[in-house]
Amino acid sequence: MVPTRFPAGFADIDDGHYRVIAPRLLLEEMAALLSGAERDRPAEGLGRGGARRIVLAGGKAVYCRKYLRGGFARHFTYDLFLLRPERPIHELIVTETARAAGCPVPAVLACAVEDVGPFYRGWIVTEAIEPARPLIDALGGAAAADRARLLDAVREAVDSL
């Protein structure tokens, strides 16, 4: 795999075919999670597969998402990607850079990349933010003034990025 500089405090376990990147203190726990059956269990939610809510041994809730293809390519390469650097690693770096700059984004707790010939599969684990819910749900049940306030808060968050 291609060497990558990840954010301070992160380390990896790499056997040449499978790589897990996580904060040093969580590396073993995240490697166990992302190499077990839990990573491929059916996910909840809409979109390209959704995300699975998992409660870790210590009671902390996280979300695990497997990267899936969209559009026409999904018919041929469902969960396989070709271009490097790998999307999960790129998302980890971008998200942690945004967090370090003060943007309100969930922490990435781990990502994993599995080589499959010239392709790869990927997963990402993020902290659960309770009680979060999809934006569309919050907008759908709100009065016009509340929707405007909510959309203002979204605009401010996007501007901060």
# chains A, B, ... in the order shown; residues from 1 in each chain; ligands from 1
>>> residues_around(residues="range 97-111 of chain A", least_positions_apart="4", cutoff="7 Å", atoms="only C-alpha atoms", output="VMD selection string")
chain A and resid 20 to 23 30 88 to 89 92 to 93 123 to 127 160 to 161
>>> select_by_dssp(residues="range 1-151 of chain A", states="strand (DSSP E)", output="number ranges by chain")
A: 10-14, 18-23, 52-55, 61-66, 108-116, 119-127
>>> closest_residue(among="A:Gly16, A:Gly59, A:Gly122, A:Gly70", to="His90 in chain A", atoms="only C-alpha atoms")
A:Gly122
>>> closest_residue(among="A:Ala37, A:Ala148, A:Val94, A:Ala157", to="Phe6 in chain A", atoms="only C-alpha atoms")
A:Val94
>>> closest_residue(among="A:Arg155, A:Val113, A:Glu91, A:Pro134", to="Asp12 in chain A", atoms="only C-alpha atoms")
A:Val113
>>> residues_around(residues="Leu151 in chain A", least_positions_apart="5", cutoff="12 Å", atoms="only C-alpha atoms", output="PDB file with all heavy atoms, in the first residue's frame")
ATOM      1  N   LEU A 135     -30.737  15.307   8.814  1.00  0.00           N
ATOM      2  CA  LEU A 135     -31.202  16.678   8.583  1.00  0.00           C
ATOM      3  C   LEU A 135     -32.596  16.696   7.969  1.00  0.00           C
ATOM      4  O   LEU A 135     -33.446  17.491   8.367  1.00  0.00           O
ATOM      5  CB  LEU A 135     -30.212  17.435   7.698  1.00  0.00           C
ATOM      6  CG  LEU A 135     -30.585  18.861   7.320  1.00  0.00           C
ATOM      7  CD1 LEU A 135     -30.739  19.731   8.570  1.00  0.00           C
ATOM      8  CD2 LEU A 135     -29.546  19.440   6.379  1.00  0.00           C
ATOM      9  N   ILE A 136     -32.855  15.827   7.022  1.00  0.00           N
ATOM     10  CA  ILE A 136     -34.158  15.799   6.352  1.00  0.00           C
ATOM     11  C   ILE A 136     -35.280  15.524   7.356  1.00  0.00           C
ATOM     12  O   ILE A 136     -36.366  16.085   7.253  1.00  0.00           O
ATOM     13  CB  ILE A 136     -34.175  14.792   5.170  1.00  0.00           C
ATOM     14  CG1 ILE A 136     -35.401  14.994   4.302  1.00  0.00           C
ATOM     15  CG2 ILE A 136     -34.086  13.367   5.663  1.00  0.00           C
ATOM     16  CD1 ILE A 136     -35.370  16.228   3.472  1.00  0.00           C
ATOM     17  N   ALA A 138     -35.213  16.365  10.600  1.00  0.00           N
ATOM     18  CA  ALA A 138     -35.357  17.576  11.416  1.00  0.00           C
ATOM     19  C   ALA A 138     -36.104  18.662  10.658  1.00  0.00           C
ATOM     20  O   ALA A 138     -36.938  19.380  11.225  1.00  0.00           O
ATOM     21  CB  ALA A 138     -33.981  18.081  11.844  1.00  0.00           C
ATOM     22  N   LEU A 139     -35.841  18.790   9.368  1.00  0.00           N
ATOM     23  CA  LEU A 139     -36.516  19.811   8.569  1.00  0.00           C
ATOM     24  C   LEU A 139     -37.977  19.469   8.333  1.00  0.00           C
ATOM     25  O   LEU A 139     -38.834  20.351   8.343  1.00  0.00           O
ATOM     26  CB  LEU A 139     -35.809  19.983   7.218  1.00  0.00           C
ATOM     27  CG  LEU A 139     -34.435  20.612   7.260  1.00  0.00           C
ATOM     28  CD1 LEU A 139     -33.766  20.515   5.898  1.00  0.00           C
ATOM     29  CD2 LEU A 139     -34.499  22.047   7.736  1.00  0.00           C
ATOM     30  N   ALA A 142     -40.412  20.404  11.291  1.00  0.00           N
ATOM     31  CA  ALA A 142     -40.229  21.705  11.935  1.00  0.00           C
ATOM     32  C   ALA A 142     -41.113  22.787  11.299  1.00  0.00           C
ATOM     33  O   ALA A 142     -41.449  22.727  10.124  1.00  0.00           O
ATOM     34  CB  ALA A 142     -38.764  22.125  11.837  1.00  0.00           C
ATOM     35  N   ALA A 144     -41.762  26.659   9.925  1.00  0.00           N
ATOM     36  CA  ALA A 144     -40.958  27.434   8.972  1.00  0.00           C
ATOM     37  C   ALA A 144     -39.833  28.205   9.666  1.00  0.00           C
ATOM     38  O   ALA A 144     -38.693  28.217   9.194  1.00  0.00           O
ATOM     39  CB  ALA A 144     -41.853  28.390   8.190  1.00  0.00           C
ATOM     40  N   ALA A 145     -40.120  28.852  10.795  1.00  0.00           N
ATOM     41  CA  ALA A 145     -39.098  29.631  11.504  1.00  0.00           C
ATOM     42  C   ALA A 145     -37.993  28.712  12.032  1.00  0.00           C
ATOM     43  O   ALA A 145     -36.807  29.059  11.979  1.00  0.00           O
ATOM     44  CB  ALA A 145     -39.726  30.416  12.645  1.00  0.00           C
ATOM     45  N   ASP A 146     -38.373  27.536  12.528  1.00  0.00           N
ATOM     46  CA  ASP A 146     -37.376  26.584  13.031  1.00  0.00           C
ATOM     47  C   ASP A 146     -36.525  26.030  11.894  1.00  0.00           C
ATOM     48  O   ASP A 146     -35.315  25.827  12.055  1.00  0.00           O
ATOM     49  CB  ASP A 146     -38.052  25.435  13.785  1.00  0.00           C
ATOM     50  CG  ASP A 146     -38.712  25.899  15.084  1.00  0.00           C
ATOM     51  OD1 ASP A 146     -38.236  26.916  15.649  1.00  0.00           O
ATOM     52  OD2 ASP A 146     -39.681  25.258  15.514  1.00  0.00           O
ATOM     53  N   GLU A 156     -23.745  27.985   8.573  1.00  0.00           N
ATOM     54  CA  GLU A 156     -22.590  28.392   9.369  1.00  0.00           C
ATOM     55  C   GLU A 156     -21.585  27.268   9.502  1.00  0.00           C
ATOM     56  O   GLU A 156     -20.356  27.488   9.422  1.00  0.00           O
ATOM     57  CB  GLU A 156     -23.040  28.877  10.754  1.00  0.00           C
ATOM     58  CG  GLU A 156     -23.734  30.224  10.714  1.00  0.00           C
ATOM     59  CD  GLU A 156     -24.302  30.621  12.076  1.00  0.00           C
ATOM     60  OE1 GLU A 156     -23.891  30.024  13.098  1.00  0.00           O
ATOM     61  OE2 GLU A 156     -25.131  31.536  12.102  1.00  0.00           O
ATOM     62  N   ALA A 157     -22.072  26.040   9.686  1.00  0.00           N
ATOM     63  CA  ALA A 157     -21.170  24.888   9.794  1.00  0.00           C
ATOM     64  C   ALA A 157     -20.432  24.650   8.479  1.00  0.00           C
ATOM     65  O   ALA A 157     -19.217  24.410   8.467  1.00  0.00           O
ATOM     66  CB  ALA A 157     -21.949  23.642  10.202  1.00  0.00           C
ATOM     67  N   VAL A 158     -21.143  24.766   7.371  1.00  0.00           N
ATOM     68  CA  VAL A 158     -20.511  24.576   6.062  1.00  0.00           C
ATOM     69  C   VAL A 158     -19.511  25.704   5.804  1.00  0.00           C
ATOM     70  O   VAL A 158     -18.394  25.468   5.312  1.00  0.00           O
ATOM     71  CB  VAL A 158     -21.566  24.495   4.940  1.00  0.00           C
ATOM     72  CG1 VAL A 158     -20.919  24.549   3.562  1.00  0.00           C
ATOM     73  CG2 VAL A 158     -22.396  23.224   5.093  1.00  0.00           C
TER      74      VAL A 158
END
>>> closest_residue(among="A:Arg53, A:His75, A:Arg121, A:Arg24", to="Arg87 in chain A", atoms="only C-alpha atoms")
A:Arg121
